[in-house]
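Structure below is work.txt: compact mmCIF, N, CA and C atoms.
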```
# COMPACT_ATOMS: atom_id res chain seq x y z
N MET Z 521 189.87 144.69 178.26
CA MET Z 521 189.55 143.31 177.91
C MET Z 521 189.50 143.13 176.39
N ALA Z 522 188.96 144.10 175.67
CA ALA Z 522 188.86 143.98 174.21
C ALA Z 522 190.24 143.89 173.59
N ASP Z 523 191.23 144.61 174.13
CA ASP Z 523 192.58 144.54 173.58
C ASP Z 523 193.15 143.13 173.71
N ARG Z 524 192.91 142.48 174.83
CA ARG Z 524 193.40 141.11 175.03
C ARG Z 524 192.73 140.16 174.05
N ARG Z 525 191.42 140.33 173.85
CA ARG Z 525 190.70 139.47 172.91
C ARG Z 525 191.19 139.71 171.50
N ASP Z 526 191.38 140.97 171.14
CA ASP Z 526 191.88 141.30 169.79
C ASP Z 526 193.27 140.71 169.57
N ASN Z 527 194.12 140.81 170.59
CA ASN Z 527 195.47 140.26 170.50
C ASN Z 527 195.42 138.75 170.34
N LEU Z 528 194.55 138.08 171.09
CA LEU Z 528 194.38 136.64 170.98
C LEU Z 528 193.89 136.26 169.59
N ALA Z 529 192.88 136.97 169.10
CA ALA Z 529 192.33 136.69 167.76
C ALA Z 529 193.40 136.87 166.69
N MET Z 530 194.20 137.93 166.79
CA MET Z 530 195.24 138.19 165.81
C MET Z 530 196.30 137.08 165.84
N THR Z 531 196.67 136.66 167.04
CA THR Z 531 197.67 135.60 167.18
C THR Z 531 197.17 134.31 166.56
N ILE Z 532 195.93 133.97 166.82
CA ILE Z 532 195.34 132.75 166.25
C ILE Z 532 195.22 132.88 164.74
N ASP Z 533 194.74 134.02 164.28
CA ASP Z 533 194.61 134.23 162.83
C ASP Z 533 195.94 134.09 162.11
N LEU Z 534 197.01 134.62 162.69
CA LEU Z 534 198.33 134.51 162.07
C LEU Z 534 198.78 133.06 161.99
N ARG Z 535 198.46 132.27 163.02
CA ARG Z 535 198.83 130.86 163.02
C ARG Z 535 198.02 130.07 161.98
N LEU Z 536 196.85 130.57 161.62
CA LEU Z 536 195.98 129.86 160.68
C LEU Z 536 195.94 130.50 159.30
N ALA Z 537 196.82 131.45 159.04
CA ALA Z 537 196.78 132.20 157.79
C ALA Z 537 196.85 131.29 156.56
N ASP Z 538 197.71 130.29 156.58
CA ASP Z 538 197.82 129.38 155.43
C ASP Z 538 196.53 128.60 155.22
N LEU Z 539 195.93 128.19 156.31
CA LEU Z 539 194.66 127.46 156.21
C LEU Z 539 193.56 128.33 155.62
N TRP Z 540 193.48 129.58 156.08
CA TRP Z 540 192.46 130.48 155.53
C TRP Z 540 192.71 130.76 154.05
N ALA Z 541 193.98 130.88 153.66
CA ALA Z 541 194.30 131.09 152.25
C ALA Z 541 193.80 129.92 151.41
N GLU Z 542 193.95 128.70 151.92
CA GLU Z 542 193.44 127.52 151.21
C GLU Z 542 191.93 127.54 151.10
N VAL Z 543 191.25 127.99 152.14
CA VAL Z 543 189.78 128.07 152.11
C VAL Z 543 189.34 128.97 150.97
N PHE Z 544 189.92 130.15 150.90
CA PHE Z 544 189.48 131.11 149.89
C PHE Z 544 189.92 130.70 148.48
N GLU Z 545 191.04 129.99 148.38
CA GLU Z 545 191.48 129.51 147.07
C GLU Z 545 190.58 128.37 146.59
N ALA Z 546 190.19 127.49 147.50
CA ALA Z 546 189.36 126.34 147.14
C ALA Z 546 187.91 126.73 146.87
N CYS Z 547 187.47 127.83 147.44
CA CYS Z 547 186.05 128.20 147.36
C CYS Z 547 185.86 129.66 146.99
N PRO Z 548 186.26 130.09 145.81
CA PRO Z 548 186.13 131.51 145.46
C PRO Z 548 184.68 131.99 145.41
N ASP Z 549 183.73 131.08 145.19
CA ASP Z 549 182.32 131.48 145.11
C ASP Z 549 181.54 131.22 146.40
N GLY Z 550 182.22 130.79 147.43
CA GLY Z 550 181.55 130.49 148.70
C GLY Z 550 181.96 129.12 149.19
N ILE Z 551 181.66 128.85 150.41
CA ILE Z 551 182.09 127.59 151.03
C ILE Z 551 180.86 126.80 151.46
N ASP Z 552 180.88 125.49 151.21
CA ASP Z 552 179.73 124.68 151.64
C ASP Z 552 179.99 124.13 153.04
N ALA Z 553 178.98 123.63 153.68
CA ALA Z 553 179.06 123.20 155.08
C ALA Z 553 180.05 122.06 155.27
N GLU Z 554 180.09 121.11 154.36
CA GLU Z 554 181.00 119.97 154.52
C GLU Z 554 182.46 120.41 154.46
N LEU Z 555 182.78 121.27 153.49
CA LEU Z 555 184.15 121.75 153.38
C LEU Z 555 184.52 122.62 154.58
N LEU Z 556 183.60 123.44 155.02
CA LEU Z 556 183.85 124.25 156.20
C LEU Z 556 184.16 123.36 157.40
N GLY Z 557 183.42 122.27 157.53
CA GLY Z 557 183.68 121.32 158.62
C GLY Z 557 185.09 120.77 158.57
N TRP Z 558 185.57 120.42 157.37
CA TRP Z 558 186.93 119.91 157.23
C TRP Z 558 187.97 120.96 157.61
N PHE Z 559 187.76 122.20 157.21
CA PHE Z 559 188.71 123.25 157.56
C PHE Z 559 188.68 123.55 159.05
N LEU Z 560 187.52 123.49 159.67
CA LEU Z 560 187.45 123.70 161.12
C LEU Z 560 188.17 122.58 161.87
N ARG Z 561 188.04 121.34 161.39
CA ARG Z 561 188.78 120.23 161.99
C ARG Z 561 190.28 120.45 161.85
N ALA Z 562 190.71 120.91 160.69
CA ALA Z 562 192.13 121.17 160.47
C ALA Z 562 192.63 122.27 161.41
N ALA Z 563 191.83 123.30 161.60
CA ALA Z 563 192.22 124.39 162.49
C ALA Z 563 192.33 123.89 163.93
N TYR Z 564 191.41 123.04 164.34
CA TYR Z 564 191.42 122.47 165.68
C TYR Z 564 192.69 121.63 165.86
N GLY Z 565 192.99 120.81 164.86
CA GLY Z 565 194.20 120.00 164.90
C GLY Z 565 195.46 120.85 164.93
N GLN Z 566 195.45 121.96 164.20
CA GLN Z 566 196.60 122.86 164.21
C GLN Z 566 196.83 123.42 165.61
N GLY Z 567 195.76 123.68 166.34
CA GLY Z 567 195.90 124.16 167.71
C GLY Z 567 196.62 123.16 168.60
N TYR Z 568 196.28 121.89 168.45
CA TYR Z 568 196.97 120.85 169.21
C TYR Z 568 198.44 120.78 168.81
N THR Z 569 198.70 120.86 167.52
CA THR Z 569 200.08 120.81 167.03
C THR Z 569 200.88 121.98 167.59
N ASP Z 570 200.30 123.17 167.56
CA ASP Z 570 201.00 124.35 168.10
C ASP Z 570 201.30 124.16 169.59
N ALA Z 571 200.34 123.62 170.33
CA ALA Z 571 200.54 123.42 171.77
C ALA Z 571 201.66 122.41 172.03
N LEU Z 572 201.74 121.37 171.23
CA LEU Z 572 202.78 120.37 171.41
C LEU Z 572 204.17 120.90 171.07
N ARG Z 573 204.23 121.92 170.24
CA ARG Z 573 205.52 122.50 169.83
C ARG Z 573 206.00 123.61 170.75
N GLU Z 574 205.20 124.03 171.72
CA GLU Z 574 205.61 125.11 172.61
C GLU Z 574 206.86 124.70 173.38
N SER Z 575 207.79 125.62 173.49
CA SER Z 575 209.02 125.34 174.23
C SER Z 575 208.75 125.22 175.73
N THR Z 576 207.77 125.95 176.21
CA THR Z 576 207.35 125.92 177.60
C THR Z 576 205.84 125.72 177.63
N ARG Z 577 205.36 124.81 178.48
CA ARG Z 577 203.93 124.57 178.56
C ARG Z 577 203.19 125.88 178.85
N GLY Z 578 202.20 126.16 178.01
CA GLY Z 578 201.38 127.35 178.21
C GLY Z 578 202.01 128.65 177.73
N GLN Z 579 203.05 128.55 176.91
CA GLN Z 579 203.77 129.75 176.48
C GLN Z 579 202.87 130.76 175.78
N LEU Z 580 201.96 130.29 174.93
CA LEU Z 580 201.06 131.22 174.25
C LEU Z 580 200.21 131.98 175.27
N CYS Z 581 199.68 131.27 176.26
CA CYS Z 581 198.90 131.94 177.30
C CYS Z 581 199.76 132.98 178.02
N LEU Z 582 200.97 132.60 178.37
CA LEU Z 582 201.87 133.52 179.06
C LEU Z 582 202.18 134.74 178.19
N ASP Z 583 202.45 134.52 176.92
CA ASP Z 583 202.76 135.62 176.00
C ASP Z 583 201.61 136.61 175.89
N LEU Z 584 200.38 136.10 175.98
CA LEU Z 584 199.20 136.94 175.82
C LEU Z 584 198.63 137.46 177.14
N GLY Z 585 199.28 137.11 178.25
CA GLY Z 585 198.85 137.62 179.55
C GLY Z 585 197.72 136.83 180.19
N TYR Z 586 197.51 135.59 179.75
CA TYR Z 586 196.48 134.74 180.33
C TYR Z 586 197.10 133.76 181.32
N THR Z 587 196.29 133.25 182.23
CA THR Z 587 196.72 132.23 183.17
C THR Z 587 196.82 130.91 182.42
N VAL Z 588 197.86 130.14 182.69
CA VAL Z 588 198.01 128.83 182.08
C VAL Z 588 197.05 127.88 182.79
N PRO Z 589 196.17 127.21 182.02
CA PRO Z 589 195.22 126.28 182.64
C PRO Z 589 195.94 125.13 183.35
N GLU Z 590 195.30 124.59 184.37
CA GLU Z 590 195.84 123.43 185.07
C GLU Z 590 195.89 122.24 184.14
N SER Z 591 196.87 121.39 184.33
CA SER Z 591 197.00 120.17 183.52
C SER Z 591 195.89 119.19 183.89
N ALA Z 592 195.34 118.50 182.89
CA ALA Z 592 194.26 117.55 183.12
C ALA Z 592 194.80 116.27 183.76
N ALA Z 593 196.08 116.02 183.60
CA ALA Z 593 196.66 114.76 184.11
C ALA Z 593 197.12 114.90 185.53
```
Could you write out this structure as structure tokens?
Amino acid sequence: MADRRDNLAMTIDLRLADLWAEVFEACPDGIDAELLGWFLRAAYGQGYTDALRESTRGQLCLDLGYTVPESAA
């Protein structure tokens, strides 16, 4: 189970690498709560964008060995 979680974390981190680079560039001495909130919102939005760009619904889940969640619609 830990391998699957690590693989998921690495995949997500790679997708957010540019965002994390901006965080550390903008806040070399630390990050305040308001700015952290904005970066978390951006990361959340990036997740939606990535999902909309998938060639096949649930492809990331399939690639990582997870079950594709049922559609809400």
Backbone DSSP call of alpha helix (DSSP H) for region 540-581 of chain Z, listed as a ChimeraX atom specification
/Z:540-546,553-573,579-581
Region 562-591 of chain Z residues near region 551-558 of chain Z within 8 Å, closest pair each, using only N, CA and C atoms, as a tab-separated table:
```
residue	atom	partner	partner_atom	distance
Z:Ala562	N	Z:Trp558	C	4.1
Z:Ala563	N	Z:Trp558	C	6.0
Z:Tyr564	N	Z:Trp558	C	7.8
```
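Taking CA of Trp540 (chain Z) and atom C of Pro589 (chain Z) as the two end points, the separation is 28.5 Å.
Of the listed residues (Z:Phe544, Z:Leu539, Z:Arg561, Z:Arg524), Z:Arg524 comes nearest to Gly585 (chain Z); the distances count all atoms listed in the file.
Here atom N of Leu528 (chain Z) and atom C of Asp583 (chain Z) stand 8.7 Å from one another.
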In Å and to one decimal, CA of Asp570 (chain Z) is distant from atom N of Pro548 (chain Z) by 27.3 Å
Calculate, to one decimal in Å, the centre and edge lengths of the box along x, y and z of the file that holds all listed atoms of region 527-533 of chain Z with 3 Å of margin on each side, and present them as AutoDock Vina command-line options.
```
--center_x 195.0 --center_y 136.8 --center_z 166.6 --size_x 11.3 --size_y 14.1 --size_z 15.0
```
